[in-house]
Each structure stands twice: as structure tokens, then as C-alpha cells.
Amino acid sequence: MSLAKMPNERKLTLCRKYYMAGFAFLPFMWAVNAMWFLNEAFWAPPYPEQKQIRKYVIVSIVGALVWLVGLISWVVVFQQNRSAWGATADYMSFIIPKGVP
């Protein structure tokens, strides 16, 4: 689907749908929304719906970055403390490494 062929109202509707889908714990949708509508939000010739699309794109970028930072933080903390957490960490793991903790 090409954004260039879509009417502006449809672009806004699609951008809003991707934005709302990100709230269903799907931060990947925010990243897709930001990448797909980045040109429409900032570099396309001005049109009435562009201001709302720009808002959705900016918030999608921020949301995706917050999720990314949170995920990376959790992975680092879990990897550093897995053996110290004992059985609790083992219950959270799909694969329990063998060897000395």
C-alpha cells in the first residue's frame, strides 16, 4: 500500500489505528507507525491532517523508545542477577543454563 495514493483523511485514520494498537502492548506497532509516517509528518507538503499525524508520529517514537529502553534494562538486570534470584529466576526462564552459576 502506497501512502502517496491514499487520501489525507485515510492516512490520518491509518496512523491513528497504528498508534492505538501500540497501547495493546505492541510497541512494534509504534515503531512501524513512526517509520511509515515519518515523511508524511515532517517532509510532505502541508495539508490539514498533517498536524495530527505529526503528533501521533512523535508520540509513537517516544513510546517505542521507552519500551526499548525498558526491555533492554530488564534483559541486563535479569542476566546479571539470574543466579542470585535462585528458583524465582528459574521459573521465569525457558532455558535453564547448566554449569556453575
# chains A, B, ... in the order shown; residues from 1 in each chain; ligands from 1

$ residues_around --residues "stretch 67-73 of chain A" --least-positions-apart "2" --cutoff "12 Å" --atoms "only C-alpha atoms" --output "PyMOL selection string"
chain A and resi 22-23+25-31+60-65+75-80

$ residues_around --residues "A:Pro48" --least-positions-apart "4" --cutoff "10 Å" --atoms "only C-alpha atoms" --output "list of chain:residue names"
A:Asn8, A:Glu9, A:Gln52, A:Ile53

$ residues_around --residues "A:Val57" --least-positions-apart "2" --cutoff "7 Å" --atoms "only C-alpha atoms" --output "ChimeraX atom specification"
/A:33-34,37-38,53-55,59-61

$ select_by_dssp --residues "chain A" --states "helix (DSSP H, G or I)" --output "ChimeraX atom specification"
/A:3-5,8-24,27-42,50-81,87-92

$ residues_around --residues "A:Ser83" --least-positions-apart "2" --cutoff "12 Å" --atoms "only C-alpha atoms" --output "number ranges by chain"
A: 77-81, 85-93, 96-101

$ atom_distance --atom1 "atom CA of A:Pro46" --atom2 "atom CA of A:Lys17"
21.5 Å
